[in-house]
$ cat protein-v5.cif   # mmCIF, N, CA and C atoms
data_protein
loop_
_atom_site.group_PDB
_atom_site.id
_atom_site.type_symbol
_atom_site.label_atom_id
_atom_site.label_comp_id
_atom_site.auth_asym_id
_atom_site.auth_seq_id
_atom_site.Cartn_x
_atom_site.Cartn_y
_atom_site.Cartn_z
ATOM 1 N N MET N 1 -3.265 -6.591 6.842
ATOM 2 C CA MET N 1 -4.367 -5.677 7.022
ATOM 3 C C MET N 1 -4.468 -5.327 8.505
ATOM 4 N N GLU N 2 -4.626 -4.081 8.789
ATOM 5 C CA GLU N 2 -4.664 -3.616 10.162
ATOM 6 C C GLU N 2 -6.069 -3.761 10.720
ATOM 7 N N LYS N 3 -6.188 -4.440 11.837
ATOM 8 C CA LYS N 3 -7.483 -4.601 12.473
ATOM 9 C C LYS N 3 -7.302 -4.415 13.967
ATOM 10 N N MET N 4 -8.200 -3.709 14.586
ATOM 11 C CA MET N 4 -8.124 -3.483 16.018
ATOM 12 C C MET N 4 -9.356 -4.096 16.665
ATOM 13 N N GLN N 5 -9.278 -4.282 17.960
ATOM 14 C CA GLN N 5 -10.411 -4.798 18.713
ATOM 15 C C GLN N 5 -11.516 -3.751 18.754
ATOM 16 N N ASN N 6 -12.659 -4.143 19.308
ATOM 17 C CA ASN N 6 -13.813 -3.256 19.385
ATOM 18 C C ASN N 6 -13.491 -1.892 19.986
ATOM 19 N N THR N 7 -12.758 -1.882 21.060
ATOM 20 C CA THR N 7 -12.398 -0.604 21.661
ATOM 21 C C THR N 7 -10.904 -0.405 21.535
ATOM 22 N N MET N 8 -10.537 0.713 21.029
ATOM 23 C CA MET N 8 -9.125 1.010 20.863
ATOM 24 C C MET N 8 -8.655 1.851 22.028
ATOM 25 N N ASP N 9 -7.429 1.639 22.343
ATOM 26 C CA ASP N 9 -6.793 2.341 23.435
ATOM 27 C C ASP N 9 -6.727 3.833 23.134
ATOM 28 N N GLU N 10 -7.012 4.647 24.122
ATOM 29 C CA GLU N 10 -6.939 6.095 23.941
ATOM 30 C C GLU N 10 -5.516 6.539 23.619
ATOM 31 N N ARG N 11 -4.538 5.786 24.081
ATOM 32 C CA ARG N 11 -3.142 6.104 23.757
ATOM 33 C C ARG N 11 -2.911 6.019 22.252
ATOM 34 N N TYR N 12 -3.508 5.006 21.610
ATOM 35 C CA TYR N 12 -3.382 4.857 20.157
ATOM 36 C C TYR N 12 -3.986 6.074 19.455
ATOM 37 N N TYR N 13 -5.164 6.458 19.906
ATOM 38 C CA TYR N 13 -5.831 7.643 19.353
ATOM 39 C C TYR N 13 -4.922 8.863 19.474
ATOM 40 N N ASN N 14 -4.411 9.106 20.680
ATOM 41 C CA ASN N 14 -3.555 10.272 20.911
ATOM 42 C C ASN N 14 -2.264 10.203 20.109
ATOM 43 N N GLU N 15 -1.710 8.999 19.981
ATOM 44 C CA GLU N 15 -0.488 8.829 19.192
ATOM 45 C C GLU N 15 -0.722 9.246 17.744
ATOM 46 N N LYS N 16 -1.800 8.763 17.147
ATOM 47 C CA LYS N 16 -2.092 9.076 15.744
ATOM 48 C C LYS N 16 -2.457 10.547 15.566
ATOM 49 N N LYS N 17 -3.203 11.082 16.508
ATOM 50 C CA LYS N 17 -3.546 12.504 16.455
ATOM 51 C C LYS N 17 -2.276 13.349 16.515
ATOM 52 N N ASN N 18 -1.376 13.012 17.422
ATOM 53 C CA ASN N 18 -0.126 13.766 17.552
ATOM 54 C C ASN N 18 0.766 13.610 16.324
ATOM 55 N N LEU N 19 0.750 12.435 15.707
ATOM 56 C CA LEU N 19 1.519 12.246 14.476
ATOM 57 C C LEU N 19 0.965 13.118 13.349
ATOM 58 N N ALA N 20 -0.359 13.239 13.281
ATOM 59 C CA ALA N 20 -0.975 14.114 12.274
ATOM 60 C C ALA N 20 -0.559 15.563 12.516
ATOM 61 N N ILE N 21 -0.580 15.972 13.773
ATOM 62 C CA ILE N 21 -0.170 17.332 14.126
ATOM 63 C C ILE N 21 1.294 17.556 13.769
ATOM 64 N N ASP N 22 2.148 16.592 14.120
ATOM 65 C CA ASP N 22 3.579 16.701 13.804
ATOM 66 C C ASP N 22 3.813 16.843 12.303
ATOM 67 N N SER N 23 3.090 16.046 11.515
ATOM 68 C CA SER N 23 3.248 16.116 10.056
ATOM 69 C C SER N 23 2.872 17.493 9.528
ATOM 70 N N LEU N 24 1.781 18.041 10.037
ATOM 71 C CA LEU N 24 1.358 19.370 9.585
ATOM 72 C C LEU N 24 2.328 20.453 10.043
ATOM 73 N N GLN N 25 2.850 20.311 11.260
ATOM 74 C CA GLN N 25 3.829 21.286 11.736
ATOM 75 C C GLN N 25 5.110 21.213 10.912
ATOM 76 N N ASN N 26 5.517 20.001 10.539
ATOM 77 C CA ASN N 26 6.688 19.855 9.671
ATOM 78 C C ASN N 26 6.436 20.482 8.307
ATOM 79 N N LEU N 27 5.218 20.351 7.816
ATOM 80 C CA LEU N 27 4.868 20.970 6.536
ATOM 81 C C LEU N 27 4.927 22.491 6.655
ATOM 82 N N GLN N 28 4.433 23.024 7.768
ATOM 83 C CA GLN N 28 4.518 24.471 7.993
ATOM 84 C C GLN N 28 5.966 24.936 8.014
ATOM 85 N N LYS N 29 6.821 24.165 8.677
ATOM 86 C CA LYS N 29 8.238 24.523 8.775
ATOM 87 C C LYS N 29 8.920 24.506 7.410
ATOM 88 N N SER N 30 8.392 23.686 6.508
ATOM 89 C CA SER N 30 8.999 23.612 5.181
ATOM 90 C C SER N 30 8.457 24.697 4.256
ATOM 91 N N GLY N 31 7.802 25.684 4.825
ATOM 92 C CA GLY N 31 7.257 26.791 4.041
ATOM 93 C C GLY N 31 8.293 27.468 3.168
ATOM 94 N N ASN N 32 9.524 27.573 3.670
ATOM 95 C CA ASN N 32 10.590 28.175 2.868
ATOM 96 C C ASN N 32 10.851 27.356 1.616
ATOM 97 N N GLN N 33 10.781 26.038 1.748
ATOM 98 C CA GLN N 33 10.966 25.171 0.579
ATOM 99 C C GLN N 33 9.845 25.395 -0.426
ATOM 100 N N ILE N 34 8.634 25.508 0.062
ATOM 101 C CA ILE N 34 7.497 25.730 -0.827
ATOM 102 C C ILE N 34 7.635 27.088 -1.510
ATOM 103 N N ASP N 35 8.064 28.082 -0.755
ATOM 104 C CA ASP N 35 8.319 29.398 -1.357
ATOM 105 C C ASP N 35 9.387 29.295 -2.445
ATOM 106 N N GLU N 36 10.416 28.488 -2.180
ATOM 107 C CA GLU N 36 11.486 28.292 -3.170
ATOM 108 C C GLU N 36 10.937 27.617 -4.430
ATOM 109 N N ALA N 37 10.079 26.603 -4.244
ATOM 110 C CA ALA N 37 9.478 25.927 -5.400
ATOM 111 C C ALA N 37 8.632 26.907 -6.202
ATOM 112 N N LEU N 38 7.874 27.726 -5.510
ATOM 113 C CA LEU N 38 7.045 28.726 -6.182
ATOM 114 C C LEU N 38 7.912 29.695 -6.983
ATOM 115 N N LYS N 39 9.003 30.129 -6.377
ATOM 116 C CA LYS N 39 9.933 31.038 -7.054
ATOM 117 C C LYS N 39 10.528 30.375 -8.300
ATOM 118 N N LEU N 40 10.913 29.114 -8.167
ATOM 119 C CA LEU N 40 11.492 28.393 -9.302
ATOM 120 C C LEU N 40 10.474 28.209 -10.425
ATOM 121 N N ILE N 41 9.240 27.883 -10.056
ATOM 122 C CA ILE N 41 8.191 27.709 -11.071
ATOM 123 C C ILE N 41 7.944 29.031 -11.799
ATOM 124 N N LYS N 42 7.885 30.109 -11.038
ATOM 125 C CA LYS N 42 7.665 31.421 -11.659
ATOM 126 C C LYS N 42 8.810 31.813 -12.585
ATOM 127 N N SER N 43 10.015 31.321 -12.291
ATOM 128 C CA SER N 43 11.175 31.680 -13.116
ATOM 129 C C SER N 43 11.289 30.845 -14.392
ATOM 130 N N GLU N 44 10.490 29.784 -14.503
ATOM 131 C CA GLU N 44 10.531 28.941 -15.698
ATOM 132 C C GLU N 44 10.070 29.739 -16.912
ATOM 133 N N ILE N 45 10.731 29.493 -18.024
ATOM 134 C CA ILE N 45 10.405 30.169 -19.283
ATOM 135 C C ILE N 45 10.066 29.100 -20.322
ATOM 136 N N TYR N 46 9.003 29.326 -21.056
ATOM 137 C CA TYR N 46 8.537 28.376 -22.063
ATOM 138 C C TYR N 46 9.640 27.981 -23.032
ATOM 139 N N SER N 47 10.390 28.948 -23.501
ATOM 140 C CA SER N 47 11.401 28.691 -24.530
ATOM 141 C C SER N 47 12.717 28.144 -23.981
ATOM 142 N N ALA N 48 12.875 28.148 -22.650
ATOM 143 C CA ALA N 48 14.138 27.675 -22.069
ATOM 144 C C ALA N 48 13.909 27.021 -20.706
ATOM 145 N N PRO N 49 13.276 25.839 -20.702
ATOM 146 C CA PRO N 49 13.054 25.169 -19.417
ATOM 147 C C PRO N 49 14.384 24.783 -18.768
ATOM 148 N N ASN N 50 14.424 24.828 -17.462
ATOM 149 C CA ASN N 50 15.642 24.539 -16.714
ATOM 150 C C ASN N 50 15.500 23.175 -16.037
ATOM 151 N N PRO N 51 16.189 22.140 -16.551
ATOM 152 C CA PRO N 51 16.059 20.792 -15.982
ATOM 153 C C PRO N 51 16.431 20.711 -14.501
ATOM 154 N N SER N 52 17.425 21.466 -14.063
ATOM 155 C CA SER N 52 17.794 21.397 -12.647
ATOM 156 C C SER N 52 16.694 21.995 -11.775
ATOM 157 N N ASN N 53 16.035 23.039 -12.259
ATOM 158 C CA ASN N 53 14.890 23.594 -11.532
ATOM 159 C C ASN N 53 13.771 22.567 -11.436
ATOM 160 N N GLN N 54 13.519 21.875 -12.535
ATOM 161 C CA GLN N 54 12.434 20.894 -12.553
ATOM 162 C C GLN N 54 12.653 19.807 -11.515
ATOM 163 N N THR N 55 13.871 19.318 -11.412
ATOM 164 C CA THR N 55 14.186 18.279 -10.432
ATOM 165 C C THR N 55 13.974 18.802 -9.022
ATOM 166 N N GLN N 56 14.468 19.978 -8.747
ATOM 167 C CA GLN N 56 14.337 20.569 -7.414
ATOM 168 C C GLN N 56 12.867 20.823 -7.075
ATOM 169 N N ILE N 57 12.120 21.327 -8.019
ATOM 170 C CA ILE N 57 10.693 21.595 -7.814
ATOM 171 C C ILE N 57 9.964 20.302 -7.469
ATOM 172 N N HIS N 58 10.202 19.255 -8.243
ATOM 173 C CA HIS N 58 9.524 17.981 -7.986
ATOM 174 C C HIS N 58 9.912 17.390 -6.636
ATOM 175 N N GLU N 59 11.166 17.522 -6.251
ATOM 176 C CA GLU N 59 11.597 17.009 -4.947
ATOM 177 C C GLU N 59 10.879 17.735 -3.810
ATOM 178 N N ILE N 60 10.777 19.044 -3.910
ATOM 179 C CA ILE N 60 10.096 19.836 -2.880
ATOM 180 C C ILE N 60 8.617 19.478 -2.820
ATOM 181 N N LEU N 61 7.964 19.418 -3.971
ATOM 182 C CA LEU N 61 6.531 19.126 -4.007
ATOM 183 C C LEU N 61 6.231 17.706 -3.545
ATOM 184 N N LYS N 62 7.087 16.764 -3.917
ATOM 185 C CA LYS N 62 6.904 15.378 -3.483
ATOM 186 C C LYS N 62 7.041 15.272 -1.963
ATOM 187 N N ASP N 63 8.036 15.934 -1.398
ATOM 188 C CA ASP N 63 8.232 15.931 0.049
ATOM 189 C C ASP N 63 7.022 16.537 0.761
ATOM 190 N N SER N 64 6.518 17.642 0.242
ATOM 191 C CA SER N 64 5.345 18.296 0.834
ATOM 192 C C SER N 64 4.112 17.403 0.742
ATOM 193 N N ALA N 65 3.933 16.757 -0.397
ATOM 194 C CA ALA N 65 2.790 15.855 -0.576
ATOM 195 C C ALA N 65 2.873 14.676 0.389
ATOM 196 N N ASN N 66 4.064 14.134 0.584
ATOM 197 C CA ASN N 66 4.235 13.021 1.520
ATOM 198 C C ASN N 66 3.879 13.435 2.942
ATOM 199 N N LYS N 67 4.303 14.624 3.347
ATOM 200 C CA LYS N 67 3.987 15.118 4.693
ATOM 201 C C LYS N 67 2.486 15.319 4.851
ATOM 202 N N LEU N 68 1.853 15.857 3.832
ATOM 203 C CA LEU N 68 0.415 16.089 3.888
ATOM 204 C C LEU N 68 -0.360 14.773 3.929
ATOM 205 N N ASN N 69 0.023 13.809 3.102
ATOM 206 C CA ASN N 69 -0.648 12.505 3.116
ATOM 207 C C ASN N 69 -0.440 11.779 4.433
ATOM 208 N N SER N 70 0.730 11.926 5.022
ATOM 209 C CA SER N 70 0.988 11.333 6.328
ATOM 210 C C SER N 70 0.054 11.931 7.376
ATOM 211 N N ALA N 71 -0.120 13.235 7.333
ATOM 212 C CA ALA N 71 -1.028 13.903 8.267
ATOM 213 C C ALA N 71 -2.461 13.419 8.057
ATOM 214 N N ARG N 72 -2.881 13.312 6.812
ATOM 215 C CA ARG N 72 -4.247 12.856 6.516
ATOM 216 C C ARG N 72 -4.470 11.437 7.009
ATOM 217 N N ARG N 73 -3.502 10.557 6.752
ATOM 218 C CA ARG N 73 -3.631 9.152 7.154
ATOM 219 C C ARG N 73 -3.683 9.027 8.678
ATOM 220 N N ASN N 74 -2.803 9.720 9.369
ATOM 221 C CA ASN N 74 -2.803 9.649 10.826
ATOM 222 C C ASN N 74 -4.055 10.271 11.427
ATOM 223 N N PHE N 75 -4.560 11.326 10.809
ATOM 224 C CA PHE N 75 -5.819 11.912 11.259
ATOM 225 C C PHE N 75 -6.953 10.896 11.128
ATOM 226 N N GLU N 76 -7.007 10.209 9.998
ATOM 227 C CA GLU N 76 -8.044 9.187 9.809
ATOM 228 C C GLU N 76 -7.872 8.031 10.797
ATOM 229 N N LYS N 77 -6.628 7.668 11.105
ATOM 230 C CA LYS N 77 -6.409 6.607 12.096
ATOM 231 C C LYS N 77 -6.927 7.036 13.461
ATOM 232 N N SER N 78 -6.761 8.304 13.802
ATOM 233 C CA SER N 78 -7.281 8.769 15.089
ATOM 234 C C SER N 78 -8.811 8.740 15.087
ATOM 235 N N ARG N 79 -9.426 9.114 13.974
ATOM 236 C CA ARG N 79 -10.897 9.043 13.872
ATOM 237 C C ARG N 79 -11.378 7.603 13.953
ATOM 238 N N TRP N 80 -10.651 6.708 13.275
ATOM 239 C CA TRP N 80 -10.981 5.283 13.277
ATOM 240 C C TRP N 80 -10.898 4.739 14.698
ATOM 241 N N ALA N 81 -9.849 5.130 15.410
ATOM 242 C CA ALA N 81 -9.672 4.668 16.789
ATOM 243 C C ALA N 81 -10.820 5.145 17.670
ATOM 244 N N ALA N 82 -11.222 6.384 17.514
ATOM 245 C CA ALA N 82 -12.282 6.947 18.344
ATOM 246 C C ALA N 82 -13.656 6.380 17.995
ATOM 247 N N ALA N 83 -13.809 5.843 16.796
ATOM 248 C CA ALA N 83 -15.103 5.304 16.362
ATOM 249 C C ALA N 83 -15.428 3.963 17.008
ATOM 250 N N ASN N 84 -14.419 3.292 17.546
ATOM 251 C CA ASN N 84 -14.625 1.976 18.164
ATOM 252 C C ASN N 84 -15.415 1.045 17.248
ATOM 253 N N THR N 85 -14.938 0.894 16.054
ATOM 254 C CA THR N 85 -15.616 0.095 15.041
ATOM 255 C C THR N 85 -14.966 -1.273 14.887
ATOM 256 N N ASP N 86 -15.707 -2.207 14.334
ATOM 257 C CA ASP N 86 -15.179 -3.547 14.068
ATOM 258 C C ASP N 86 -14.512 -3.645 12.697
ATOM 259 N N ILE N 87 -14.676 -2.634 11.860
ATOM 260 C CA ILE N 87 -14.092 -2.722 10.521
ATOM 261 C C ILE N 87 -12.600 -2.415 10.579
ATOM 262 N N ASP N 88 -11.861 -3.000 9.631
ATOM 263 C CA ASP N 88 -10.421 -2.725 9.595
ATOM 264 C C ASP N 88 -10.184 -1.346 8.978
ATOM 265 N N PHE N 89 -8.956 -0.894 9.091
ATOM 266 C CA PHE N 89 -8.630 0.475 8.673
ATOM 267 C C PHE N 89 -8.832 0.686 7.180
ATOM 268 N N LYS N 90 -8.484 -0.313 6.381
ATOM 269 C CA LYS N 90 -8.665 -0.190 4.929
ATOM 270 C C LYS N 90 -10.139 0.039 4.600
ATOM 271 N N GLU N 91 -11.006 -0.741 5.219
ATOM 272 C CA GLU N 91 -12.448 -0.589 4.992
ATOM 273 C C GLU N 91 -12.927 0.775 5.497
ATOM 274 N N TRP N 92 -12.382 1.216 6.626
ATOM 275 C CA TRP N 92 -12.722 2.541 7.167
ATOM 276 C C TRP N 92 -12.429 3.635 6.132
ATOM 277 N N LEU N 93 -11.248 3.541 5.529
ATOM 278 C CA LEU N 93 -10.868 4.542 4.532
ATOM 279 C C LEU N 93 -11.824 4.535 3.347
ATOM 280 N N ILE N 94 -12.181 3.354 2.896
ATOM 281 C CA ILE N 94 -13.099 3.233 1.759
ATOM 282 C C ILE N 94 -14.466 3.811 2.118
ATOM 283 N N GLN N 95 -14.995 3.420 3.281
ATOM 284 C CA GLN N 95 -16.322 3.883 3.694
ATOM 285 C C GLN N 95 -16.382 5.391 3.914
ATOM 286 N N ASN N 96 -15.264 5.975 4.285
ATOM 287 C CA ASN N 96 -15.242 7.410 4.556
ATOM 288 C C ASN N 96 -14.760 8.241 3.370
ATOM 289 N N GLY N 97 -14.506 7.575 2.245
ATOM 290 C CA GLY N 97 -14.176 8.292 1.018
ATOM 291 C C GLY N 97 -12.715 8.655 0.838
ATOM 292 N N TYR N 98 -11.807 7.908 1.515
ATOM 293 C CA TYR N 98 -10.381 8.200 1.394
ATOM 294 C C TYR N 98 -9.567 6.959 1.044
ATOM 295 N N PRO N 99 -9.970 6.189 0.036
ATOM 296 C CA PRO N 99 -9.244 4.950 -0.280
ATOM 297 C C PRO N 99 -7.803 5.193 -0.712
ATOM 298 N N GLU N 100 -7.505 6.385 -1.190
ATOM 299 C CA GLU N 100 -6.146 6.693 -1.639
ATOM 300 C C GLU N 100 -5.150 6.747 -0.484
ATOM 301 N N LEU N 101 -5.636 6.788 0.745
ATOM 302 C CA LEU N 101 -4.741 6.842 1.906
ATOM 303 C C LEU N 101 -4.301 5.463 2.370
ATOM 304 N N ASN N 102 -4.793 4.425 1.721
ATOM 305 C CA ASN N 102 -4.432 3.063 2.120
ATOM 306 C C ASN N 102 -3.017 2.724 1.743
#
$ encode --input "protein-v5.cif" --output "structure tokens"
Amino acid sequence: MEKMQNTMDERYYNEKKNLAIDSLQNLQKSGNQIDEALKLIKSEIYSAPNPSNQTQIHEILKDSANKLNSARRNFEKSRWAAANTDIDFKEWLIQNGYPELN
């Protein structure tokens, strides 16, 4: 379980903030992949599903979801660092309504 002292180093805050930014920028860069997934989904036909499309679509969406969750988690870590709280990060997530980021 991750626990920090009463005051967290500003470097830690900046590190987590920058990681959140990096994750979101990487997600923006993968816009072409998301466009490709959208195109593949639109091309699906009820009477003839394409298994190779399904695999590719899930891989793209899973990658995008991972990048987004990474950004959310790092953003919360930066908020946690700035709060100078005694609670551990897991408890912080629960108290702030984001237990799924643990």
$ resolve_selection --input "protein-v5.cif" --expression "the PyMOL selection byres ((chain N and resi 23) around 8)" --output "PyMOL selection string"
chain N and resi 17-22+24-29+66-72
$ write_last_selection --input "protein-v5.cif" --atoms "N, CA and C atoms" --output "tab-separated table (two decimals), in the frame of the given file"
chain	number	residue	atom	x	y	z
N	17	LYS	N	-3.20	11.08	16.51
N	17	LYS	CA	-3.55	12.50	16.45
N	17	LYS	C	-2.28	13.35	16.52
N	18	ASN	N	-1.38	13.01	17.42
N	18	ASN	CA	-0.13	13.77	17.55
N	18	ASN	C	0.77	13.61	16.32
N	19	LEU	N	0.75	12.44	15.71
N	19	LEU	CA	1.52	12.25	14.48
N	19	LEU	C	0.96	13.12	13.35
N	20	ALA	N	-0.36	13.24	13.28
N	20	ALA	CA	-0.98	14.11	12.27
N	20	ALA	C	-0.56	15.56	12.52
N	21	ILE	N	-0.58	15.97	13.77
N	21	ILE	CA	-0.17	17.33	14.13
N	21	ILE	C	1.29	17.56	13.77
N	22	ASP	N	2.15	16.59	14.12
N	22	ASP	CA	3.58	16.70	13.80
N	22	ASP	C	3.81	16.84	12.30
N	24	LEU	N	1.78	18.04	10.04
N	24	LEU	CA	1.36	19.37	9.59
N	24	LEU	C	2.33	20.45	10.04
N	25	GLN	N	2.85	20.31	11.26
N	25	GLN	CA	3.83	21.29	11.74
N	25	GLN	C	5.11	21.21	10.91
N	26	ASN	N	5.52	20.00	10.54
N	26	ASN	CA	6.69	19.86	9.67
N	26	ASN	C	6.44	20.48	8.31
N	27	LEU	N	5.22	20.35	7.82
N	27	LEU	CA	4.87	20.97	6.54
N	27	LEU	C	4.93	22.49	6.66
N	28	GLN	N	4.43	23.02	7.77
N	28	GLN	CA	4.52	24.47	7.99
N	28	GLN	C	5.97	24.94	8.01
N	29	LYS	N	6.82	24.16	8.68
N	29	LYS	CA	8.24	24.52	8.78
N	29	LYS	C	8.92	24.51	7.41
N	66	ASN	N	4.06	14.13	0.58
N	66	ASN	CA	4.24	13.02	1.52
N	66	ASN	C	3.88	13.44	2.94
N	67	LYS	N	4.30	14.62	3.35
N	67	LYS	CA	3.99	15.12	4.69
N	67	LYS	C	2.49	15.32	4.85
N	68	LEU	N	1.85	15.86	3.83
N	68	LEU	CA	0.42	16.09	3.89
N	68	LEU	C	-0.36	14.77	3.93
N	69	ASN	N	0.02	13.81	3.10
N	69	ASN	CA	-0.65	12.50	3.12
N	69	ASN	C	-0.44	11.78	4.43
N	70	SER	N	0.73	11.93	5.02
N	70	SER	CA	0.99	11.33	6.33
N	70	SER	C	0.05	11.93	7.38
N	71	ALA	N	-0.12	13.24	7.33
N	71	ALA	CA	-1.03	13.90	8.27
N	71	ALA	C	-2.46	13.42	8.06
N	72	ARG	N	-2.88	13.31	6.81
N	72	ARG	CA	-4.25	12.86	6.52
N	72	ARG	C	-4.47	11.44	7.01
$ select_by_dssp --input "protein-v5.cif" --residues "chain N" --states "helix (DSSP H, G or I)" --output "PyMOL selection string"
chain N and resi 10-29+31-43+51-83+89-95+99-101
$ atom_distance --input "protein-v5.cif" --atom1 "atom CA of N:Glu59" --atom2 "atom CA of N:Glu36"
11.4 Å
$ closest_residue --input "protein-v5.cif" --among "N:Met8, N:Ile87, N:Ile60, N:Ile94" --to "N:Ser30" --atoms "only C-alpha atoms"
N:Ile60
$ atom_distance --input "protein-v5.cif" --atom1 "atom C of N:Lys90" --atom2 "atom CA of N:Asn102"
6.9 Å
$ atom_distance --input "protein-v5.cif" --atom1 "atom CA of N:Ser43" --atom2 "atom C of N:His58"
15.7 Å
$ resolve_selection --input "protein-v5.cif" --expression "the PyMOL selection byres (((chain N and resi 80 and name CA) around 12) and name CA)" --output "ChimeraX atom specification"
/N:2-10,12-14,16-17,73-79,81-96
$ residues_around --input "protein-v5.cif" --residues "N:Ile57" --least-positions-apart "4" --cutoff "8 Å" --atoms "all atoms listed in the file" --output "number ranges by chain"
N: 36-38, 40-41, 51-53, 61-63
$ decode --input "protein-v5.cif" --residues "stretch 17-30 of chain N" --atoms "N, CA and C atoms" --output "mmCIF file, in the first residue's frame"
data_model
loop_
_atom_site.group_PDB
_atom_site.id
_atom_site.type_symbol
_atom_site.label_atom_id
_atom_site.label_comp_id
_atom_site.auth_asym_id
_atom_site.auth_seq_id
_atom_site.Cartn_x
_atom_site.Cartn_y
_atom_site.Cartn_z
ATOM 1 N N LYS N 17 1.765 14.718 -12.348
ATOM 2 C CA LYS N 17 1.030 15.614 -13.243
ATOM 3 C C LYS N 17 1.539 15.453 -14.674
ATOM 4 N N ASN N 18 2.848 15.426 -14.843
ATOM 5 C CA ASN N 18 3.427 15.275 -16.180
ATOM 6 C C ASN N 18 3.125 13.907 -16.783
ATOM 7 N N LEU N 19 3.075 12.874 -15.952
ATOM 8 C CA LEU N 19 2.708 11.550 -16.453
ATOM 9 C C LEU N 19 1.259 11.536 -16.943
ATOM 10 N N ALA N 20 0.378 12.231 -16.227
ATOM 11 C CA ALA N 20 -1.021 12.330 -16.664
ATOM 12 C C ALA N 20 -1.099 13.051 -18.008
ATOM 13 N N ILE N 21 -0.343 14.128 -18.134
ATOM 14 C CA ILE N 21 -0.313 14.880 -19.390
ATOM 15 C C ILE N 21 0.224 14.009 -20.519
ATOM 16 N N ASP N 22 1.321 13.297 -20.253
ATOM 17 C CA ASP N 22 1.908 12.409 -21.267
ATOM 18 C C ASP N 22 0.911 11.352 -21.731
ATOM 19 N N SER N 23 0.185 10.766 -20.778
ATOM 20 C CA SER N 23 -0.801 9.737 -21.134
ATOM 21 C C SER N 23 -1.884 10.305 -22.041
ATOM 22 N N LEU N 24 -2.357 11.498 -21.718
ATOM 23 C CA LEU N 24 -3.395 12.115 -22.547
ATOM 24 C C LEU N 24 -2.860 12.504 -23.921
ATOM 25 N N GLN N 25 -1.618 12.983 -23.963
ATOM 26 C CA GLN N 25 -1.026 13.323 -25.256
ATOM 27 C C GLN N 25 -0.834 12.072 -26.107
ATOM 28 N N ASN N 26 -0.441 10.968 -25.474
ATOM 29 C CA ASN N 26 -0.321 9.706 -26.207
ATOM 30 C C ASN N 26 -1.676 9.246 -26.727
ATOM 31 N N LEU N 27 -2.713 9.468 -25.941
ATOM 32 C CA LEU N 27 -4.063 9.111 -26.383
ATOM 33 C C LEU N 27 -4.468 9.970 -27.578
ATOM 34 N N GLN N 28 -4.141 11.258 -27.529
ATOM 35 C CA GLN N 28 -4.429 12.135 -28.668
ATOM 36 C C GLN N 28 -3.710 11.657 -29.921
ATOM 37 N N LYS N 29 -2.453 11.257 -29.761
ATOM 38 C CA LYS N 29 -1.661 10.789 -30.900
ATOM 39 C C LYS N 29 -2.237 9.510 -31.500
ATOM 40 N N SER N 30 -2.921 8.734 -30.666
ATOM 41 C CA SER N 30 -3.495 7.488 -31.170
ATOM 42 C C SER N 30 -4.863 7.718 -31.803
#
